[in-house]
Amino acid sequence: MTAVDLVLPCLNEAGALPWVLARVPEGVRAIVVDNGSTDGSAEIARAAGALVVSAPERGFGAAVATGVAAATAAVVAICDADASLDPAELPRLLAILDDGADLVLGRRVPTERSAWPLHARVANAWLSRRIARAGNVRVSDLGPMRVARTDALRALDLRDRRSGYPLEMVLTAAAAGWKIVETDVTYAPRIGRSKVTGTVRGTATAVADMSRILRQARA
């Protein structure tokens with residue numbers, strides 16, 4: 001399997017990190033991006049053998065961009081560090097990349113209803129329809145597990161540092177002519193407190209960020 005760097009944006013994920021890091025496949029290096037944790041997440045990650053880098057600017061996009069900048073492998077993967085997604089599923093996404101895709105997105109399949117609350121699923125469906133209109137690309141989910149070639153991803157020069165980063169990646173990749181492929185991944189209830197989709201407020205913030213990206217794409 002191609003050597004891969006796995007970027008794990010992290011804000012207070014002490015409860016989830018041991019399970020997540022234990023599930024990282026052989027040949028994949030975990031890069032835990034500490035986005036201001038106060039619960040010892042960075043120390044737990046180091047003790048488990050992960051590379052830990054700091055992203056002082058708060059935000060999902062800021063954390064992922066820092067991790068991508070730190071990557072040295074030819075392929076970079078991105079995954080939440082809250083145990084909602086299983087890094088052990090990465091080889092299947094990597095095989096699709098090796099088969100000719102440019103960006104592989106994990107399409108979330110909840111293991112139980114509480115894993116993906118109704119408000120978050122409704123928001124995701126609404127955004128997917130808007131993406132199809134704005135970006136000429138059809139995706140059914142903006143899930144946080146994804147893989148791409150490192151140099152190509154950097155060349156997209158993504159600028160959003162908040163919750164709009166995943167959408168900006170898809171729209172910019174589509175505009176660049178990338179082959180974007182979705183595949184199912186399991187989605188379980190996260191460990192610890194949710195920052196985004198687990199709350200109505202967090203989901204609303206993410207939708208606002210992504211709506212801003214969509215308006216910019218149409219401009």
# chains A, B, ... in the order shown; residues from 1 in each chain; ligands from 1
$ residues_around --residues "Thr150 (chain A)" --least-positions-apart "6" --cutoff "6 Å" --atoms "only C-alpha atoms" --output "list in words"
Ala74, Val75 and Val76 of chain A
$ write_last_selection --atoms "all heavy atoms" --output "tab-separated table (two decimals), in the first residue's frame"
chain	number	residue	atom	x	y	z
A	74	ALA	N	3.28	10.77	-0.34
A	74	ALA	CA	2.70	11.10	-1.65
A	74	ALA	C	1.20	11.24	-1.60
A	74	ALA	O	0.59	11.94	-2.42
A	74	ALA	CB	3.09	10.03	-2.67
A	75	VAL	N	0.57	10.57	-0.63
A	75	VAL	CA	-0.88	10.59	-0.49
A	75	VAL	C	-1.23	11.09	0.90
A	75	VAL	O	-0.57	10.74	1.89
A	75	VAL	CB	-1.47	9.19	-0.71
A	75	VAL	CG1	-2.97	9.16	-0.41
A	75	VAL	CG2	-1.22	8.72	-2.15
A	76	VAL	N	-2.28	11.91	0.96
A	76	VAL	CA	-2.75	12.41	2.25
A	76	VAL	C	-4.21	12.01	2.44
A	76	VAL	O	-5.01	12.07	1.50
A	76	VAL	CB	-2.57	13.93	2.36
A	76	VAL	CG1	-3.42	14.68	1.36
A	76	VAL	CG2	-2.86	14.41	3.78
$ atom_distance --atom1 "CA of Ser54 (chain A)" --atom2 "CA of Gly27 (chain A)"
23.0 Å
$ closest_atom_pairs --of "region 4-51 of chain A" --to "region 122-144 of chain A" --cutoff "12 Å" --atoms "only C-alpha atoms" --output "Markdown table"
| residue | atom | partner | partner_atom | distance |
| --- | --- | --- | --- | --- |
| A:Leu6 | CA | A:Pro144 | CA | 12.0 |
| A:Val7 | CA | A:Pro144 | CA | 10.7 |
| A:Leu8 | CA | A:Pro144 | CA | 10.0 |
| A:Pro9 | CA | A:Pro144 | CA | 10.2 |
$ write_last_selection --atoms "all heavy atoms" --output "mmCIF file, in the first residue's frame"
data_model
loop_
_atom_site.group_PDB
_atom_site.id
_atom_site.type_symbol
_atom_site.label_atom_id
_atom_site.label_comp_id
_atom_site.auth_asym_id
_atom_site.auth_seq_id
_atom_site.Cartn_x
_atom_site.Cartn_y
_atom_site.Cartn_z
ATOM 1 N N LEU A 6 -1.992 10.530 7.408
ATOM 2 C CA LEU A 6 -3.378 10.706 7.822
ATOM 3 C C LEU A 6 -3.483 11.916 8.730
ATOM 4 O O LEU A 6 -2.953 11.915 9.846
ATOM 5 C CB LEU A 6 -3.882 9.455 8.549
ATOM 6 C CG LEU A 6 -5.246 9.573 9.243
ATOM 7 C CD1 LEU A 6 -6.343 9.906 8.238
ATOM 8 C CD2 LEU A 6 -5.561 8.296 10.001
ATOM 9 N N VAL A 7 -4.176 12.951 8.264
ATOM 10 C CA VAL A 7 -4.362 14.175 9.033
ATOM 11 C C VAL A 7 -5.595 14.018 9.917
ATOM 12 O O VAL A 7 -6.698 13.767 9.425
ATOM 13 C CB VAL A 7 -4.510 15.387 8.097
ATOM 14 C CG1 VAL A 7 -4.843 16.657 8.889
ATOM 15 C CG2 VAL A 7 -3.230 15.588 7.282
ATOM 16 N N LEU A 8 -5.401 14.212 11.214
ATOM 17 C CA LEU A 8 -6.476 14.089 12.189
ATOM 18 C C LEU A 8 -6.623 15.418 12.941
ATOM 19 O O LEU A 8 -5.911 15.678 13.905
ATOM 20 C CB LEU A 8 -6.159 12.970 13.186
ATOM 21 C CG LEU A 8 -6.121 11.548 12.611
ATOM 22 C CD1 LEU A 8 -5.332 10.623 13.527
ATOM 23 C CD2 LEU A 8 -7.532 11.013 12.410
ATOM 24 N N PRO A 9 -7.512 16.307 12.477
ATOM 25 C CA PRO A 9 -7.739 17.556 13.205
ATOM 26 C C PRO A 9 -8.303 17.246 14.578
ATOM 27 O O PRO A 9 -9.220 16.431 14.711
ATOM 28 C CB PRO A 9 -8.741 18.306 12.323
ATOM 29 C CG PRO A 9 -9.395 17.256 11.491
ATOM 30 C CD PRO A 9 -8.385 16.173 11.307
#
$ closest_atom_pairs --of "region 43-123 of chain A" --to "region 152-168 of chain A" --cutoff "10 Å" --atoms "only C-alpha atoms" --output "JSON lines"
{"residue": "A:Glu57", "atom": "CA", "partner": "A:Arg161", "partner_atom": "CA", "distance": 8.3}
{"residue": "A:Arg58", "atom": "CA", "partner": "A:Arg162", "partner_atom": "CA", "distance": 7.9}
{"residue": "A:Gly59", "atom": "CA", "partner": "A:Arg162", "partner_atom": "CA", "distance": 4.6}
{"residue": "A:Phe60", "atom": "CA", "partner": "A:Arg162", "partner_atom": "CA", "distance": 5.2}
{"residue": "A:Gly61", "atom": "CA", "partner": "A:Arg161", "partner_atom": "CA", "distance": 3.8}
{"residue": "A:Ala62", "atom": "CA", "partner": "A:Arg161", "partner_atom": "CA", "distance": 4.4}
{"residue": "A:Ala63", "atom": "CA", "partner": "A:Arg161", "partner_atom": "CA", "distance": 7.8}
{"residue": "A:Val64", "atom": "CA", "partner": "A:Arg161", "partner_atom": "CA", "distance": 8.4}
{"residue": "A:Ala65", "atom": "CA", "partner": "A:Arg161", "partner_atom": "CA", "distance": 7.7}
{"residue": "A:Thr66", "atom": "CA", "partner": "A:Arg161", "partner_atom": "CA", "distance": 10.0}
{"residue": "A:Val68", "atom": "CA", "partner": "A:Arg154", "partner_atom": "CA", "distance": 7.4}
{"residue": "A:Ala69", "atom": "CA", "partner": "A:Arg154", "partner_atom": "CA", "distance": 7.8}
{"residue": "A:Ala74", "atom": "CA", "partner": "A:Ala152", "partner_atom": "CA", "distance": 9.6}
{"residue": "A:Val75", "atom": "CA", "partner": "A:Leu153", "partner_atom": "CA", "distance": 9.3}
{"residue": "A:Val76", "atom": "CA", "partner": "A:Leu153", "partner_atom": "CA", "distance": 8.5}
{"residue": "A:Asp102", "atom": "CA", "partner": "A:Ala152", "partner_atom": "CA", "distance": 8.6}
{"residue": "A:Leu103", "atom": "CA", "partner": "A:Leu153", "partner_atom": "CA", "distance": 8.9}
$ atom_distance --atom1 "CA of Glu89 (chain A)" --atom2 "CA of Ala77 (chain A)"
11.3 Å
$ select_by_dssp --residues "chain A" --states "helix (DSSP H, G or I)" --output "count of residues only"
93
$ select_by_dssp --residues "region 26-143 of chain A" --states "strand (DSSP E)" --output "list in words"
Val28, Arg29, Ala30, Ile31, Val32, Val33, Asp34, Leu51, Val52, Val53, Ser54, Val75, Val76, Ala77, Ile78, Leu103, Val104, Leu105, Gly106, Arg107, Arg108, Val109 and Pro110 of chain A
$ residues_around --residues "Val32 (chain A)" --least-positions-apart "4" --cutoff "12 Å" --atoms "only C-alpha atoms" --output "short mmCIF file (atom, residue, chain, number, x, y, z; two decimals) with N, CA and C atoms, in the first residue's frame"
data_model
loop_
_atom_site.label_atom_id
_atom_site.label_comp_id
_atom_site.auth_asym_id
_atom_site.auth_seq_id
_atom_site.Cartn_x
_atom_site.Cartn_y
_atom_site.Cartn_z
N ASP A 5 0.02 9.80 4.69
CA ASP A 5 -0.09 10.59 5.90
C ASP A 5 -1.57 10.83 6.18
N LEU A 6 -1.99 10.53 7.41
CA LEU A 6 -3.38 10.71 7.82
C LEU A 6 -3.48 11.92 8.73
N VAL A 7 -4.18 12.95 8.26
CA VAL A 7 -4.36 14.18 9.03
C VAL A 7 -5.60 14.02 9.92
N LEU A 8 -5.40 14.21 11.21
CA LEU A 8 -6.48 14.09 12.19
C LEU A 8 -6.62 15.42 12.94
N PRO A 9 -7.51 16.31 12.48
CA PRO A 9 -7.74 17.56 13.21
C PRO A 9 -8.30 17.25 14.58
N CYS A 10 -7.76 17.88 15.61
CA CYS A 10 -8.07 17.46 16.97
C CYS A 10 -8.30 18.65 17.89
N LEU A 11 -9.47 18.67 18.51
CA LEU A 11 -9.78 19.64 19.56
C LEU A 11 -10.44 18.89 20.71
N ASN A 12 -9.66 18.61 21.75
CA ASN A 12 -10.16 17.92 22.94
C ASN A 12 -10.78 16.56 22.61
N GLU A 13 -9.94 15.68 22.08
CA GLU A 13 -10.38 14.33 21.72
C GLU A 13 -9.65 13.27 22.54
N ALA A 14 -9.34 13.58 23.80
CA ALA A 14 -8.59 12.63 24.63
C ALA A 14 -9.29 11.30 24.76
N LEU A 17 -8.95 9.43 20.99
CA LEU A 17 -7.68 9.22 20.30
C LEU A 17 -7.08 7.83 20.47
N PRO A 18 -7.10 7.23 21.65
CA PRO A 18 -6.50 5.88 21.75
C PRO A 18 -7.12 4.89 20.77
N VAL A 20 -8.85 5.63 17.94
CA VAL A 20 -8.58 6.08 16.58
C VAL A 20 -7.17 5.70 16.15
N LEU A 21 -6.19 6.01 16.98
CA LEU A 21 -4.80 5.77 16.60
C LEU A 21 -4.49 4.28 16.55
N VAL A 24 -5.29 2.92 12.98
CA VAL A 24 -4.57 3.42 11.80
C VAL A 24 -3.85 2.25 11.12
N GLY A 36 -5.83 23.53 19.74
CA GLY A 36 -6.10 24.24 20.98
C GLY A 36 -6.67 23.37 22.08
N SER A 37 -6.33 22.10 22.09
CA SER A 37 -6.86 21.17 23.10
C SER A 37 -6.38 21.54 24.50
N SER A 41 -4.87 15.98 24.84
CA SER A 41 -4.93 15.23 23.58
C SER A 41 -3.56 15.11 22.93
N ALA A 42 -2.80 16.18 22.90
CA ALA A 42 -1.49 16.16 22.24
C ALA A 42 -0.56 15.15 22.91
N GLU A 43 -0.56 15.11 24.21
CA GLU A 43 0.30 14.18 24.93
C GLU A 43 -0.11 12.74 24.67
N ILE A 44 -1.41 12.48 24.63
CA ILE A 44 -1.91 11.13 24.33
C ILE A 44 -1.48 10.71 22.93
N ALA A 45 -1.58 11.63 21.98
CA ALA A 45 -1.20 11.31 20.60
C ALA A 45 0.29 11.01 20.49
N ARG A 46 1.11 11.81 21.14
CA ARG A 46 2.56 11.57 21.10
C ARG A 46 2.90 10.21 21.72
N ALA A 47 2.26 9.91 22.85
CA ALA A 47 2.54 8.63 23.52
C ALA A 47 2.15 7.45 22.64
N ALA A 48 1.18 7.66 21.75
CA ALA A 48 0.75 6.59 20.85
C ALA A 48 1.60 6.53 19.57
N GLY A 49 2.56 7.42 19.44
CA GLY A 49 3.47 7.39 18.30
C GLY A 49 3.09 8.28 17.14
N ALA A 50 2.07 9.11 17.30
CA ALA A 50 1.66 10.01 16.22
C ALA A 50 2.56 11.24 16.17
N LEU A 51 2.69 11.80 14.99
CA LEU A 51 3.30 13.11 14.86
C LEU A 51 2.26 14.14 15.28
N VAL A 52 2.63 15.05 16.17
CA VAL A 52 1.71 16.08 16.63
C VAL A 52 2.21 17.43 16.16
N VAL A 53 1.34 18.18 15.49
CA VAL A 53 1.65 19.54 15.08
C VAL A 53 0.57 20.46 15.63
N SER A 54 0.91 21.71 15.81
CA SER A 54 -0.03 22.65 16.41
C SER A 54 -0.61 23.58 15.35
N ALA A 55 -1.92 23.82 15.44
CA ALA A 55 -2.59 24.80 14.59
C ALA A 55 -3.23 25.83 15.52
N ALA A 63 -6.94 23.58 10.88
CA ALA A 63 -6.29 22.37 11.36
C ALA A 63 -5.89 21.45 10.20
N VAL A 64 -6.80 21.25 9.25
CA VAL A 64 -6.49 20.36 8.13
C VAL A 64 -5.38 20.95 7.27
N THR A 66 -2.98 22.86 8.16
CA THR A 66 -1.71 22.67 8.88
C THR A 66 -1.21 21.25 8.73
N GLY A 67 -2.12 20.28 8.83
CA GLY A 67 -1.73 18.90 8.66
C GLY A 67 -1.26 18.57 7.26
N VAL A 68 -1.94 19.11 6.27
CA VAL A 68 -1.54 18.88 4.88
C VAL A 68 -0.16 19.49 4.62
N ALA A 70 2.18 19.73 6.75
CA ALA A 70 3.17 18.90 7.44
C ALA A 70 3.39 17.55 6.78
N ALA A 71 2.50 17.17 5.88
CA ALA A 71 2.58 15.84 5.25
C ALA A 71 3.80 15.72 4.35
N ALA A 77 -4.51 11.55 3.64
CA ALA A 77 -5.88 11.23 4.02
C ALA A 77 -6.31 12.18 5.13
N ILE A 78 -7.60 12.39 5.25
CA ILE A 78 -8.16 13.26 6.29
C ILE A 78 -9.28 12.50 6.98
N CYS A 79 -9.33 12.60 8.29
CA CYS A 79 -10.35 11.88 9.04
C CYS A 79 -10.57 12.57 10.38
N ASP A 80 -11.80 12.64 10.84
CA ASP A 80 -12.07 13.18 12.17
C ASP A 80 -11.41 12.31 13.23
N ALA A 81 -11.06 12.94 14.34
CA ALA A 81 -10.36 12.23 15.42
C ALA A 81 -11.29 11.85 16.56
N ASP A 82 -12.59 11.86 16.33
CA ASP A 82 -13.57 11.66 17.40
C ASP A 82 -14.15 10.25 17.46
#
$ residues_around --residues "Ser84 (chain A)" --least-positions-apart "2" --cutoff "8 Å" --atoms "only C-alpha atoms" --output "ChimeraX atom specification"
/A:80-82,86,115,187-191
$ write_last_selection --atoms "N, CA and C atoms" --output "JSON list (two decimals), in the first residue's frame"
[["chain", "number", "residue", "atom", "x", "y", "z"],
["A", 80, "ASP", "N", -11.80, 12.64, 10.84],
["A", 80, "ASP", "CA", -12.07, 13.18, 12.17],
["A", 80, "ASP", "C", -11.41, 12.31, 13.23],
["A", 81, "ALA", "N", -11.06, 12.94, 14.34],
["A", 81, "ALA", "CA", -10.36, 12.23, 15.42],
["A", 81, "ALA", "C", -11.29, 11.85, 16.56],
["A", 82, "ASP", "N", -12.59, 11.86, 16.33],
["A", 82, "ASP", "CA", -13.57, 11.66, 17.40],
["A", 82, "ASP", "C", -14.15, 10.25, 17.46],
["A", 86, "ASP", "N", -13.78, 5.21, 11.11],
["A", 86, "ASP", "CA", -12.80, 4.17, 11.41],
["A", 86, "ASP", "C", -11.63, 4.24, 10.43],
["A", 115, "ALA", "N", -25.93, 8.66, 15.54],
["A", 115, "ALA", "CA", -24.64, 9.02, 14.97],
["A", 115, "ALA", "C", -24.72, 10.25, 14.07],
["A", 187, "TYR", "N", -20.32, 5.20, 9.98],
["A", 187, "TYR", "CA", -20.34, 6.44, 10.76],
["A", 187, "TYR", "C", -21.02, 6.15, 12.09],
["A", 188, "ALA", "N", -20.23, 6.18, 13.16],
["A", 188, "ALA", "CA", -20.71, 5.81, 14.48],
["A", 188, "ALA", "C", -20.85, 7.04, 15.37],
["A", 189, "PRO", "N", -21.57, 6.92, 16.47],
["A", 189, "PRO", "CA", -21.63, 8.05, 17.41],
["A", 189, "PRO", "C", -20.24, 8.43, 17.88],
["A", 190, "ARG", "N", -19.96, 9.70, 17.89],
["A", 190, "ARG", "CA", -18.64, 10.17, 18.28],
["A", 190, "ARG", "C", -18.43, 9.99, 19.78],
["A", 191, "ILE", "N", -17.17, 9.97, 20.19],
["A", 191, "ILE", "CA", -16.81, 9.96, 21.59],
["A", 191, "ILE", "C", -16.55, 11.41, 22.01]]
$ atom_distance --atom1 "CA of Thr172 (chain A)" --atom2 "CA of Ala88 (chain A)"
27.7 Å
$ residues_around --residues "Val109 (chain A)" --least-positions-apart "4" --cutoff "8 Å" --atoms "only C-alpha atoms" --output "VMD selection string"
chain A and resid 184 to 187
$ closest_residue --among "A:Pro110, A:Leu171, A:Pro117, A:Pro25" --to "Pro87 (chain A)" --atoms "only C-alpha atoms"
A:Pro25
